[in-house]
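These notes are about the structure you will find just below.
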Amino acid sequence: MMKLSTIGIDLAKRVFQVHGVDEAGRVVLRRQVRRSQFLEVFSQIEPCLVGMEACGSANHWARELKKLGHEVRLISPQFVKPYVKSNKNDVADAEAICEAVSRPNMRFVPMKELEHQDIQSIHRARTLLVKQRTAVANQIRGLMAEYGVVVAQGLGQLRKQLPGCLGDAENGLSATARDVICCLSEQLRWFDERIAGFERRLEQVVRENEVCQHLKEIPGVGTMTATALYAAVNHAKEFRNGRQLAAWLGLVPRQHSSGGKPTLLGISKRGDRHLRTLLIHGARAGTRVARNSHSAEARWLSSLIERRGYNRATVALANKMARKAWVVLNRGERIAAPA
């Protein structure tokens, strides 16, 4: 079997570029490998450190290589780019990944297990259907407005008023327009059914998963956020503390400091946008509830709203929710209700 120390792989759809070095850093392996031959080639290599960019199919190949005994690490593409020596190509990218994965201070992306990837696929599919449903609803509104029929804002109002608009023969809608809008309304109902089906699946995940149940005990965290946290942060021990998790989610200020003078900007918005959005939506709900509460956290939040404004306070609460989630995911502790 071939003995290597570190391997960098530039993934693609059909042809992968492989770059391997020995313990002295000398290049031993540099070749293209077809997708069908990939696992066969790595079965002939002694277990070693393998690096790949965190991109499409990376989790699948990481799990397969792990079965062969290799130590696999995924790297964010932005951390690989500084190691590209010349023009970008597959050979240079594979060499850069090989160099980056061997750095002692490099930050890695946790590999997703199949269970977590399944949950995340439900979230991704639901998000896509919600966007498509919104597009269909907007199209219905636009078409009806062209005929002088205006519906109140909100998806609920559209569902409520649409049957009456289609049944009113005197509102200016032509026969062709009614047929088109009827077709779109059927599509709208189809989206509602599919989205509700995905939500029932997520509720089933919570019922069967104790960690998700504990996450839901955090104020502002519901079924969607709990399952998204469980799927995205499947290796909470990768973060030393809750602040690192909040930073990974992009809920901390960006910095532009120089000469010892700290300058803080808006939040970095790094990491999982879907999860960050869910946390901020939950925090908005938490700020509304805090107005009618007298707990210590509610008093802190009310004071923060007065000093820094509603939006900054909402993000600060989302940051605190992320840190509480780290406690649940990393230590298995339950979060006590605010006193």
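Note on naming: chains are A, B, ... as they come in the structure tokens, residues start from 1 per chain, ligands start from 1 in the order shown.
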**OP:** Check segment 165-268 of chain A with DSSP on the backbone and list each residue it calls helix (DSSP H, G or I), as a PyMOL selection string.
**Re:** chain A and resi 165-167+175-208+210-215+223-232+236-238+242-248
Subject >> Residues near segment 237-253 of chain A, cut-off 10 Å, only C-alpha atoms, skip fewer than 4 positions along chain, as a VMD selection string >> reply: chain A and resid 107 to 110 233 263 to 277 279 to 280 315 to 327 329 to 331
Once you have the residues from the selection above, write them out as a PDB file, in the first residue's frame, restricted to C-alpha atoms.
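Final file, selection35.pdb:
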ATOM      1  CA  ARG A 107     -10.286  25.963  11.445  1.00  0.00           C
ATOM      2  CA  PHE A 108     -12.296  23.083  10.045  1.00  0.00           C
ATOM      3  CA  VAL A 109     -15.929  22.422   9.167  1.00  0.00           C
ATOM      4  CA  PRO A 110     -17.438  19.485  11.105  1.00  0.00           C
ATOM      5  CA  VAL A 233     -24.155  22.030  14.925  1.00  0.00           C
ATOM      6  CA  THR A 263     -13.719  49.641  15.539  1.00  0.00           C
ATOM      7  CA  LEU A 264     -16.844  47.478  15.507  1.00  0.00           C
ATOM      8  CA  LEU A 265     -19.178  47.337  12.511  1.00  0.00           C
ATOM      9  CA  GLY A 266     -22.411  45.465  11.785  1.00  0.00           C
ATOM     10  CA  ILE A 267     -22.724  41.722  12.356  1.00  0.00           C
ATOM     11  CA  SER A 268     -20.492  39.551  10.167  1.00  0.00           C
ATOM     12  CA  LYS A 269     -23.380  37.455   8.704  1.00  0.00           C
ATOM     13  CA  ARG A 270     -21.060  34.475   8.269  1.00  0.00           C
ATOM     14  CA  GLY A 271     -22.079  30.867   8.540  1.00  0.00           C
ATOM     15  CA  ASP A 272     -25.493  29.316   7.976  1.00  0.00           C
ATOM     16  CA  ARG A 273     -27.855  32.052   6.783  1.00  0.00           C
ATOM     17  CA  HIS A 274     -30.956  29.892   7.278  1.00  0.00           C
ATOM     18  CA  LEU A 275     -30.092  29.139  10.900  1.00  0.00           C
ATOM     19  CA  ARG A 276     -29.149  32.748  11.635  1.00  0.00           C
ATOM     20  CA  THR A 277     -32.486  33.891  10.196  1.00  0.00           C
ATOM     21  CA  LEU A 279     -32.573  32.606  15.502  1.00  0.00           C
ATOM     22  CA  ILE A 280     -33.280  36.266  14.772  1.00  0.00           C
ATOM     23  CA  VAL A 315     -29.493  40.431  17.479  1.00  0.00           C
ATOM     24  CA  ALA A 316     -28.045  40.447  21.018  1.00  0.00           C
ATOM     25  CA  LEU A 317     -30.849  38.149  22.153  1.00  0.00           C
ATOM     26  CA  ALA A 318     -30.242  35.849  19.147  1.00  0.00           C
ATOM     27  CA  ASN A 319     -26.571  35.742  20.173  1.00  0.00           C
ATOM     28  CA  LYS A 320     -27.567  34.736  23.705  1.00  0.00           C
ATOM     29  CA  MET A 321     -29.915  32.049  22.322  1.00  0.00           C
ATOM     30  CA  ALA A 322     -27.017  30.599  20.294  1.00  0.00           C
ATOM     31  CA  ARG A 323     -24.834  30.460  23.424  1.00  0.00           C
ATOM     32  CA  LYS A 324     -27.571  28.706  25.364  1.00  0.00           C
ATOM     33  CA  ALA A 325     -27.913  26.229  22.495  1.00  0.00           C
ATOM     34  CA  TRP A 326     -24.179  25.492  22.778  1.00  0.00           C
ATOM     35  CA  VAL A 327     -24.670  24.560  26.440  1.00  0.00           C
ATOM     36  CA  LEU A 329     -25.543  20.625  22.508  1.00  0.00           C
ATOM     37  CA  ASN A 330     -22.115  20.416  24.135  1.00  0.00           C
ATOM     38  CA  ARG A 331     -22.830  19.634  27.775  1.00  0.00           C
TER      39      ARG A 331
END
**OP:** Can you pull out every residue within 12 Å of Pro82 of chain A, counting only C-alpha atoms, but drop anything in the same chain fewer than 3 positions away, and send it as a list in words?
**Re:** Ser76, Pro77, Gln78, Phe79, Lys85, Ser86, Asn87, Lys88, Ala92, Asp93, Glu95, Ala96, Ile97, Glu99 and Ala100 of chain A
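From atom CA of Leu11 of chain A back to atom CA of Gln32 of chain A, the distance works out to 10.4 Å.
Minimum distance to Ala135 of chain A across A:Val149, A:Ala58, A:Leu188, A:Val91 (counting only C-alpha atoms) occurs at A:Leu188.
Among A:Leu304, A:Leu39, A:Ile218, A:Ala232, the residue with the shortest atom-to-atom distance to Gly286 of chain A, counting only C-alpha atoms, is A:Ile218.
Counting only C-alpha atoms, the residue from A:Val206, A:Ala196, A:Gln187, A:Tyr147 that sits nearest to Leu173 of chain A is A:Tyr147.
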Subject >> Those of segment 100-298 of chain A in DSSP strand (DSSP E), formatted as a ChimeraX atom specification >> reply: /A:253-255,264-267
Taking a cut-off of 7 Å and counting only C-alpha atoms, can you build a table that, for each residue of segment 184-265 of chain A near segment 126-134 of chain A, reports the nearest atom pair and how far apart they are in Å (one decimal), sorted by chain then residue number, as CSV?
residue,atom,partner,partner_atom,distance
A:Leu188,CA,A:Arg133,CA,6.1
A:Phe191,CA,A:Arg133,CA,6.0
A:Ile195,CA,A:Arg126,CA,5.8
A:Phe198,CA,A:Arg126,CA,6.4
Original post:
At what distance in Å, to one decimal, does atom CA of Arg103 of chain A lie from atom CA of Tyr83 of chain A?
Top reply: 10.7 Å
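You can rank A:Gly156, A:Ala296, A:Arg14, A:Gly167 by their closest distance to Asp192 of chain A using only C-alpha atoms, and at the top of that list sits A:Gly156.
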**OP:** Excluding Ser174 of chain A and residues on its chain fewer than 2 positions from it, collect all residues at most 12 Å away from it, counting only C-alpha atoms, and give them as a count of residues only.
**Re:** 20
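Taking atom CA of Gln117 of chain A as the reference point, atom CA of Asp90 of chain A is found at 27.3 Å.
You can rank A:Leu162, A:Arg63, A:Leu215, A:Gly260 by their closest distance to Cys182 of chain A using only C-alpha atoms, and at the top of that list sits A:Leu162.
Among the candidates A:Glu333, A:Ala313, A:Asn292, A:Ala228, the one nearest to Arg124 of chain A when counting only C-alpha atoms is A:Ala228.
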